[in-house]
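First comes the structure, then the notes that go with it.
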Amino acid sequence: MIGTVLISLIMASLTSWFTQINDQLLLLINSVAGRSYMFDSIVAFFLDNDLAKAGVIGGCFLAAWYGGKTLESTNARRRILITTLVAAVCVITTTKVLSKTIFLPRPEIQTQKIYRLEGEELVEMKRMPVRTMLDEESQKDHRALLSGDIDPNDLGSFPSDHAGFFIAISLGIFLASRRLGLLAIGWSVFVILGGKMISGQHTPLDVAAGAAVAIAELALVQFVLRKRFRGWLDGLAGLTLRYSALSSAVVFLIAFEVSSTMIHIRAFLAFLAVMRRHVLLGMGS
Amino acid sequence: MKKFTIAFAVFACAFLTSCGVKKEGLVIMTDQSYKATMFATNKIGFGSPDGLLWHKGKLYFADEGGVALESWSRSEGLKKLVDAGFGFESPEDLVIDANDNIFFTDDDAGGLWEMTAEGKPRLVAGKDKGLISTEGIALAPDGSLLVGDGEVHKVFRVTRDGQVSEFLGAEYGITKPESMVYDDHGNLYIADNEDNVLYLLDPTQKLHRIIDRNNSFSPETIYFAKGSLYITDSRNNKLYVYTPGEELKTIAAFGGQLKNVQGVTVDEAGNIFVGVQVDLKHKVGDVIEISKEETQVAQR
């Protein structure tokens, strides 16, 4: 009994401590926003432009894919990168499922008056004094928020799917090639995820959770595929060498999708869902 | 490896508890002059209400999940007026006339149903008269009832004695007249949540497209009070207010388990009541009250 109470107390104080640190860190990072139009425009450019945001990661991936000095090292790199792609798909699925289950609006949304369902009561949440960036796109989004135009995706910010996806890919590149991996990790952390926090789209906790999912699932997938499916992995890596033209085309498409955070694949899956709904089930909108 | 697994599990638990992990609900007030409170939950006895109507100090429910017509008041609590035993399947929307007769539609069983002021239920006109899947309902100034049908894409006029005639044919192009209401000037507002358009039929029978923003607006239920039209949008999870001559204004956005907003009504004091179908299949629903902050009330 005493033990349970003690653990509850510790958990409660840990939670409160976590929340406070998270809020303070976010406000510290976000404090650079809304002061300089030039700075905010640069941050927004790297957040909004897929080529600038993820082109570097896609480039690192391709360089790691083709950069082996010997046949053996190329084969080893490709095994790691194929595994990384499998892990990245698992990570994005996990983060999407979690963010749809855990309702934690983006910090920029938390600037508004929000009521949260606690038990059977609606309780007003503490407002986050997040600064809005000065670039056109951020200002447009802010005006849309003030007029009630809220994207459902903005209601589930925990964990960050960007953090999960890019950390998983970057770590995979790191395992294949140290130098390229460091560049990819640095770009992911300082440019992509830093921008997400500066703009108030994610808290450090969202990013840390996304990264934790990425590390855990990448390790798990690497472990499982190497132990249980080593033969398949070797066969697949061998095929990419034997049919290099075809595999180059496929890798280009994959790198292209990585650079655009898989939006085209997601759009295609959404299209399939709509087709299933309308054609197979015969349901209207 | 075992220690690592335990550490990871504890870390994950701390993460999840710090974020209050469970299926949450949110109400985001985009009009800061309003506040939100939970008015009623399943605990008072209803299932998952669709249509809501405030009338003479009572809140009436077309309870789609509970398959019943119910009323609630502070003094009497929840009262079941009529249930599925009478033959309806899915109460959709309701109106009440000046004599307290309640009329309601049913999108599964079809027809127009009535619960008289004396407490007698009756089917005014059924499927046999062409009312296949009835949705929106409005009390016409001449005392007849207008009933929208989503299956045949028409609006019918139904007299009290059950005579059915076509009011707006398919040529008007209204696909699903989900909700209808008259304003003070005899204009009929029609919400089509299939084509995502809010129509206005003026007294000369001319149909106007008032709001047509396919990607961001889908009117579910409309209610006219004190010169403004209150609109719920179950696709974009919002509550709007539309005042003629002004822009459509969002009052609140809903998220999580509170996102499926359905019926809307307003009481004499201007408090807005919004029905939420949390889980229709399992008969779970809530009613949220959106009211002005105290300072705003004092100013009024």
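Residues in the structure tokens are named by chain (A, B, ... in the order shown) and by number from 1 within that chain; ligands are numbered from 1 in the order shown.
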
Taking only C-alpha atoms into account, report as JSON, numbers by chain which residues of chain A lie within 8 Å of chain B. {"A": [11, 14, 15, 16, 18, 19, 101, 102, 103, 104, 112, 113, 114, 115, 116, 117, 118, 120, 121, 122, 145, 146, 147, 148, 149, 150, 152, 155, 209, 285]}

Skipping near chain neighbours, those fewer than 2 positions away, what residues fall within 7 Å of Lys281 of chain B using only C-alpha atoms, listed as JSON, numbers by chain? {"B": [65, 279, 283]}

Which residues are close to Ser179 of chain B, i.e. within 7 Å by only C-alpha atoms, leaving aside same-chain residues fewer than 4 positions away? Reply as a compact mmCIF listing (two decimals) with N, CA and C atoms, in the first residue's frame.
# COMPACT_ATOMS: atom_id res chain seq x y z
N GLU B 135 -34.41 13.05 -43.31
CA GLU B 135 -33.26 13.68 -42.63
C GLU B 135 -33.70 14.98 -41.94
N GLY B 136 -33.51 16.11 -42.65
CA GLY B 136 -33.85 17.40 -42.06
C GLY B 136 -35.35 17.61 -41.96
N ILE B 137 -35.74 18.44 -40.98
CA ILE B 137 -37.16 18.72 -40.79
C ILE B 137 -37.30 20.19 -40.39
N ILE B 190 -31.12 25.40 -45.90
CA ILE B 190 -31.03 23.94 -46.09
C ILE B 190 -29.55 23.54 -46.07
N ALA B 191 -29.22 22.60 -45.20
CA ALA B 191 -27.84 22.11 -45.11
C ALA B 191 -27.73 20.80 -45.88
N GLU B 220 -23.82 19.97 -40.95
CA GLU B 220 -24.50 18.78 -40.41
C GLU B 220 -25.89 19.18 -39.89
N THR B 221 -25.90 20.11 -38.94
CA THR B 221 -27.17 20.57 -38.37
C THR B 221 -27.15 22.10 -38.31
N ILE B 222 -28.30 22.71 -38.60
CA ILE B 222 -28.39 24.17 -38.52
C ILE B 222 -29.53 24.56 -37.59

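Taking only C-alpha atoms, the non-local environment of Arg230 of chain A within 12 Å (same-chain residues fewer than 3 positions away omitted) comprises Ala76, Arg79, Ile80, Ile82, Thr83, Val221, Gln222, Phe223, Val224, Leu225, Arg226, Lys227, Leu233, Asp234, Gly235, Leu236 and Ala237 of chain A.
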
When you look at Arg160 of chain B with a cut-off of 10 Å (counting only C-alpha atoms), what residues show up, excluding the ones that are within fewer than 4 positions of it in the same chain? I need them as a ChimeraX atom specification. /B:114,124-125,143-145,164

Next, the residues of the selection above should be written as a PDB file, in the first residue's frame with N, CA and C atoms.
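Written output follows (out.pdb):
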ATOM      1  N   GLU B 114     -44.627  11.516 -35.113  1.00  0.00           N
ATOM      2  CA  GLU B 114     -45.084  12.565 -34.198  1.00  0.00           C
ATOM      3  C   GLU B 114     -45.300  12.001 -32.798  1.00  0.00           C
ATOM      4  N   VAL B 124     -46.976   9.891 -38.967  1.00  0.00           N
ATOM      5  CA  VAL B 124     -47.766  10.852 -39.761  1.00  0.00           C
ATOM      6  C   VAL B 124     -47.811  10.391 -41.216  1.00  0.00           C
ATOM      7  N   ALA B 125     -46.639  10.070 -41.772  1.00  0.00           N
ATOM      8  CA  ALA B 125     -46.556   9.555 -43.150  1.00  0.00           C
ATOM      9  C   ALA B 125     -45.322   8.671 -43.227  1.00  0.00           C
ATOM     10  N   GLY B 143     -47.840  25.890 -41.094  1.00  0.00           N
ATOM     11  CA  GLY B 143     -48.148  24.810 -40.156  1.00  0.00           C
ATOM     12  C   GLY B 143     -47.813  23.426 -40.661  1.00  0.00           C
ATOM     13  N   SER B 144     -47.539  23.302 -41.953  1.00  0.00           N
ATOM     14  CA  SER B 144     -47.142  21.990 -42.469  1.00  0.00           C
ATOM     15  C   SER B 144     -45.667  21.739 -42.127  1.00  0.00           C
ATOM     16  N   LEU B 145     -45.211  20.542 -42.465  1.00  0.00           N
ATOM     17  CA  LEU B 145     -43.818  20.197 -42.145  1.00  0.00           C
ATOM     18  C   LEU B 145     -43.040  19.928 -43.424  1.00  0.00           C
ATOM     19  N   VAL B 164     -48.658  13.968 -48.472  1.00  0.00           N
ATOM     20  CA  VAL B 164     -47.276  14.264 -48.862  1.00  0.00           C
ATOM     21  C   VAL B 164     -47.245  14.842 -50.281  1.00  0.00           C
TER      22      VAL B 164
END

Which one is closest to Arg266 of chain A: A:Met125, A:Pro159, A:Lys96, A:Ala249? Count only C-alpha atoms. A:Lys96

Would you pick out the contacts of Thr94 of chain A at 9 Å or less, using only C-alpha atoms, so that residues sharing its chain but fewer than 5 positions from it are not included, and give the list as an MDAnalysis selection string? chainID A and resid 89 99 161 164 213

Go ahead and write the residues just picked, N, CA and C atoms, as a PDB file, in the first residue's frame.
ATOM      1  N   VAL A  89       9.440   2.486 -42.192  1.00  0.00           N
ATOM      2  CA  VAL A  89       8.003   2.295 -42.429  1.00  0.00           C
ATOM      3  C   VAL A  89       7.310   1.942 -41.100  1.00  0.00           C
ATOM      4  N   SER A  99       0.127   9.192 -32.398  1.00  0.00           N
ATOM      5  CA  SER A  99      -0.327  10.591 -32.414  1.00  0.00           C
ATOM      6  C   SER A  99      -1.836  10.687 -32.609  1.00  0.00           C
ATOM      7  N   ASP A 161       6.342  12.594 -35.880  1.00  0.00           N
ATOM      8  CA  ASP A 161       6.627  11.588 -36.916  1.00  0.00           C
ATOM      9  C   ASP A 161       7.843  11.996 -37.748  1.00  0.00           C
ATOM     10  N   GLY A 164      10.756  10.724 -35.738  1.00  0.00           N
ATOM     11  CA  GLY A 164      10.856   9.269 -35.881  1.00  0.00           C
ATOM     12  C   GLY A 164      11.423   8.878 -37.227  1.00  0.00           C
ATOM     13  N   VAL A 213      11.258   6.166 -30.420  1.00  0.00           N
ATOM     14  CA  VAL A 213      10.580   5.148 -31.237  1.00  0.00           C
ATOM     15  C   VAL A 213      11.500   4.707 -32.371  1.00  0.00           C
TER      16      VAL A 213
END

How would you write, as number ranges by chain, the set of residues in segment 26-96 of chain B that DSSP gives as strand (DSSP E or B)? B: 26-29, 34-40, 49-55, 58-63, 68-73, 77-83, 91-96

Keeping only N, CA and C atoms, write the selected residues to a file as a short mmCIF file (atom, residue, chain, number, x, y, z; two decimals), in the first residue's frame.
data_model
loop_
_atom_site.label_atom_id
_atom_site.label_comp_id
_atom_site.auth_asym_id
_atom_site.auth_seq_id
_atom_site.Cartn_x
_atom_site.Cartn_y
_atom_site.Cartn_z
N LEU B 26 -11.02 17.17 -27.02
CA LEU B 26 -10.62 18.57 -26.92
C LEU B 26 -11.68 19.48 -27.51
N VAL B 27 -11.83 20.65 -26.92
CA VAL B 27 -12.65 21.70 -27.52
C VAL B 27 -11.76 22.93 -27.60
N ILE B 28 -11.52 23.41 -28.79
CA ILE B 28 -10.65 24.57 -28.98
C ILE B 28 -11.54 25.77 -29.31
N MET B 29 -11.51 26.77 -28.45
CA MET B 29 -12.37 27.94 -28.65
C MET B 29 -11.65 28.93 -29.57
N TYR B 34 -16.27 32.77 -25.67
CA TYR B 34 -17.08 31.64 -25.23
C TYR B 34 -16.27 30.70 -24.33
N LYS B 35 -16.98 29.94 -23.54
CA LYS B 35 -16.35 28.88 -22.75
C LYS B 35 -17.13 27.58 -22.99
N ALA B 36 -16.48 26.46 -22.72
CA ALA B 36 -17.13 25.16 -22.95
C ALA B 36 -17.26 24.40 -21.64
N THR B 37 -18.42 23.79 -21.44
CA THR B 37 -18.59 22.92 -20.27
C THR B 37 -19.32 21.65 -20.72
N MET B 38 -19.08 20.59 -19.99
CA MET B 38 -19.79 19.34 -20.30
C MET B 38 -21.18 19.46 -19.67
N PHE B 39 -22.20 19.52 -20.51
CA PHE B 39 -23.56 19.71 -20.00
C PHE B 39 -24.14 18.38 -19.52
N ALA B 40 -23.98 17.35 -20.34
CA ALA B 40 -24.54 16.04 -19.95
C ALA B 40 -23.78 14.91 -20.63
N PRO B 49 -27.19 10.99 -28.89
CA PRO B 49 -28.18 11.84 -29.56
C PRO B 49 -27.69 12.43 -30.88
N ASP B 50 -28.66 12.56 -31.81
CA ASP B 50 -28.37 13.23 -33.08
C ASP B 50 -29.01 14.62 -33.03
N GLY B 51 -30.34 14.69 -33.18
CA GLY B 51 -31.01 15.99 -33.13
C GLY B 51 -31.18 16.47 -31.69
N LEU B 52 -31.02 17.78 -31.50
CA LEU B 52 -31.23 18.41 -30.19
C LEU B 52 -32.17 19.59 -30.39
N LEU B 53 -33.00 19.84 -29.40
CA LEU B 53 -33.86 21.02 -29.51
C LEU B 53 -34.21 21.55 -28.12
N TRP B 54 -33.93 22.83 -27.91
CA TRP B 54 -34.31 23.48 -26.65
C TRP B 54 -35.70 24.07 -26.85
N HIS B 55 -36.63 23.74 -25.96
CA HIS B 55 -38.00 24.22 -26.11
C HIS B 55 -38.62 24.39 -24.74
N LYS B 58 -36.86 22.97 -21.70
CA LYS B 58 -36.50 21.56 -21.75
C LYS B 58 -35.61 21.30 -22.96
N LEU B 59 -34.72 20.33 -22.81
CA LEU B 59 -33.87 19.93 -23.93
C LEU B 59 -34.40 18.59 -24.45
N TYR B 60 -34.72 18.57 -25.75
CA TYR B 60 -35.26 17.34 -26.36
C TYR B 60 -34.18 16.67 -27.20
N PHE B 61 -34.17 15.35 -27.15
CA PHE B 61 -33.16 14.57 -27.87
C PHE B 61 -33.82 13.63 -28.88
N ALA B 62 -33.36 13.69 -30.13
CA ALA B 62 -33.65 12.60 -31.08
C ALA B 62 -32.46 11.65 -30.90
N ASP B 63 -32.63 10.67 -30.06
CA ASP B 63 -31.52 9.83 -29.62
C ASP B 63 -31.30 8.68 -30.60
N ALA B 68 -34.61 6.40 -29.29
CA ALA B 68 -35.71 6.92 -28.46
C ALA B 68 -35.81 8.43 -28.66
N LEU B 69 -36.97 8.94 -28.24
CA LEU B 69 -37.16 10.38 -28.18
C LEU B 69 -37.21 10.72 -26.70
N GLU B 70 -36.38 11.66 -26.27
CA GLU B 70 -36.27 11.94 -24.84
C GLU B 70 -36.33 13.44 -24.57
N SER B 71 -36.66 13.78 -23.33
CA SER B 71 -36.59 15.18 -22.93
C SER B 71 -35.84 15.26 -21.60
N TRP B 72 -35.24 16.41 -21.36
CA TRP B 72 -34.52 16.63 -20.11
C TRP B 72 -34.85 17.99 -19.55
N SER B 73 -35.09 18.05 -18.28
CA SER B 73 -35.22 19.36 -17.62
C SER B 73 -34.58 19.25 -16.24
N GLY B 77 -35.29 15.76 -14.80
CA GLY B 77 -34.19 14.90 -15.30
C GLY B 77 -34.52 14.38 -16.68
N LEU B 78 -33.97 13.22 -17.04
CA LEU B 78 -34.23 12.66 -18.37
C LEU B 78 -35.51 11.84 -18.37
N LYS B 79 -36.33 12.08 -19.38
CA LYS B 79 -37.59 11.35 -19.49
C LYS B 79 -37.67 10.74 -20.89
N LYS B 80 -37.93 9.43 -20.95
CA LYS B 80 -38.09 8.79 -22.27
C LYS B 80 -39.54 9.01 -22.73
N LEU B 81 -39.70 9.67 -23.88
CA LEU B 81 -41.05 9.97 -24.36
C LEU B 81 -41.61 8.82 -25.19
N VAL B 82 -40.77 8.26 -26.04
CA VAL B 82 -41.19 7.10 -26.84
C VAL B 82 -39.92 6.37 -27.28
N ASP B 83 -40.02 5.04 -27.39
CA ASP B 83 -38.82 4.30 -27.77
C ASP B 83 -39.05 3.44 -29.01
N PRO B 91 -33.89 7.82 -34.88
CA PRO B 91 -34.36 9.21 -34.85
C PRO B 91 -33.25 10.18 -35.27
N GLU B 92 -33.59 11.08 -36.18
CA GLU B 92 -32.56 11.91 -36.81
C GLU B 92 -32.64 13.38 -36.38
N ASP B 93 -33.77 13.99 -36.66
CA ASP B 93 -33.89 15.42 -36.37
C ASP B 93 -35.31 15.68 -35.86
N LEU B 94 -35.51 16.79 -35.16
CA LEU B 94 -36.85 17.03 -34.59
C LEU B 94 -37.21 18.51 -34.58
N VAL B 95 -38.51 18.75 -34.59
CA VAL B 95 -39.04 20.11 -34.38
C VAL B 95 -40.24 20.00 -33.43
N ILE B 96 -40.56 21.11 -32.80
CA ILE B 96 -41.72 21.13 -31.90
C ILE B 96 -42.57 22.35 -32.26
#

Taking 4 positions as the minimum chain separation for residues in the same chain, which residues sit within 12 Å of Ala88 of chain A when counting only C-alpha atoms? Answer as a PyMOL selection string. chain A and resi 81-84+92-95+161-173+210-211+213-222+254+257-258+261-262

Can you write just those residues out, C-alpha atoms, as a PDB file, in the first residue's frame?
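Final file, selection.pdb:
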ATOM      1  CA  LEU A  81      19.916   0.380 -45.718  1.00  0.00           C
ATOM      2  CA  ILE A  82      17.227  -2.106 -46.786  1.00  0.00           C
ATOM      3  CA  THR A  83      16.653  -2.904 -43.099  1.00  0.00           C
ATOM      4  CA  THR A  84      16.542   0.825 -42.366  1.00  0.00           C
ATOM      5  CA  ILE A  92       6.125   6.133 -39.254  1.00  0.00           C
ATOM      6  CA  THR A  93       3.258   3.681 -38.675  1.00  0.00           C
ATOM      7  CA  THR A  94       3.923   3.647 -34.923  1.00  0.00           C
ATOM      8  CA  THR A  95       4.214   7.423 -34.599  1.00  0.00           C
ATOM      9  CA  ASP A 161       6.627  11.588 -36.916  1.00  0.00           C
ATOM     10  CA  HIS A 162       9.298  13.775 -38.534  1.00  0.00           C
ATOM     11  CA  ALA A 163      11.638  12.977 -35.648  1.00  0.00           C
ATOM     12  CA  GLY A 164      10.856   9.269 -35.881  1.00  0.00           C
ATOM     13  CA  PHE A 165      11.250   9.040 -39.638  1.00  0.00           C
ATOM     14  CA  PHE A 166      14.340  11.180 -40.133  1.00  0.00           C
ATOM     15  CA  ILE A 167      16.192   9.871 -37.076  1.00  0.00           C
ATOM     16  CA  ALA A 168      15.512   6.285 -38.222  1.00  0.00           C
ATOM     17  CA  ILE A 169      16.795   6.992 -41.747  1.00  0.00           C
ATOM     18  CA  SER A 170      19.767   9.032 -40.497  1.00  0.00           C
ATOM     19  CA  LEU A 171      20.787   6.373 -37.963  1.00  0.00           C
ATOM     20  CA  GLY A 172      20.519   3.730 -40.678  1.00  0.00           C
ATOM     21  CA  ILE A 173      22.799   5.814 -42.897  1.00  0.00           C
ATOM     22  CA  GLY A 210       9.783  10.240 -31.925  1.00  0.00           C
ATOM     23  CA  ALA A 211      13.527   9.668 -31.720  1.00  0.00           C
ATOM     24  CA  VAL A 213      10.580   5.148 -31.237  1.00  0.00           C
ATOM     25  CA  ALA A 214      13.061   5.382 -34.121  1.00  0.00           C
ATOM     26  CA  ILE A 215      16.010   4.066 -32.098  1.00  0.00           C
ATOM     27  CA  ALA A 216      14.002   1.245 -30.543  1.00  0.00           C
ATOM     28  CA  GLU A 217      12.384   0.088 -33.771  1.00  0.00           C
ATOM     29  CA  LEU A 218      15.532   0.415 -35.864  1.00  0.00           C
ATOM     30  CA  ALA A 219      17.405  -1.718 -33.315  1.00  0.00           C
ATOM     31  CA  LEU A 220      14.583  -4.245 -33.199  1.00  0.00           C
ATOM     32  CA  VAL A 221      14.187  -4.519 -36.977  1.00  0.00           C
ATOM     33  CA  GLN A 222      17.948  -4.780 -37.500  1.00  0.00           C
ATOM     34  CA  ILE A 254      12.775   5.487 -52.586  1.00  0.00           C
ATOM     35  CA  GLU A 257       9.983   9.544 -51.379  1.00  0.00           C
ATOM     36  CA  VAL A 258      12.354   9.906 -48.416  1.00  0.00           C
ATOM     37  CA  THR A 261       8.565  12.400 -46.307  1.00  0.00           C
ATOM     38  CA  MET A 262       6.546   9.788 -48.187  1.00  0.00           C
TER      39      MET A 262
END

Shortest interatomic distance to Gly156 of chain A - which of A:Lys69, A:Lys53, A:Arg242, A:Arg106, counting only C-alpha atoms: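 Going through A:Lys69, A:Lys53, A:Arg242, A:Arg106 one by one, the smallest distance to Gly156 of chain A is for A:Arg106.
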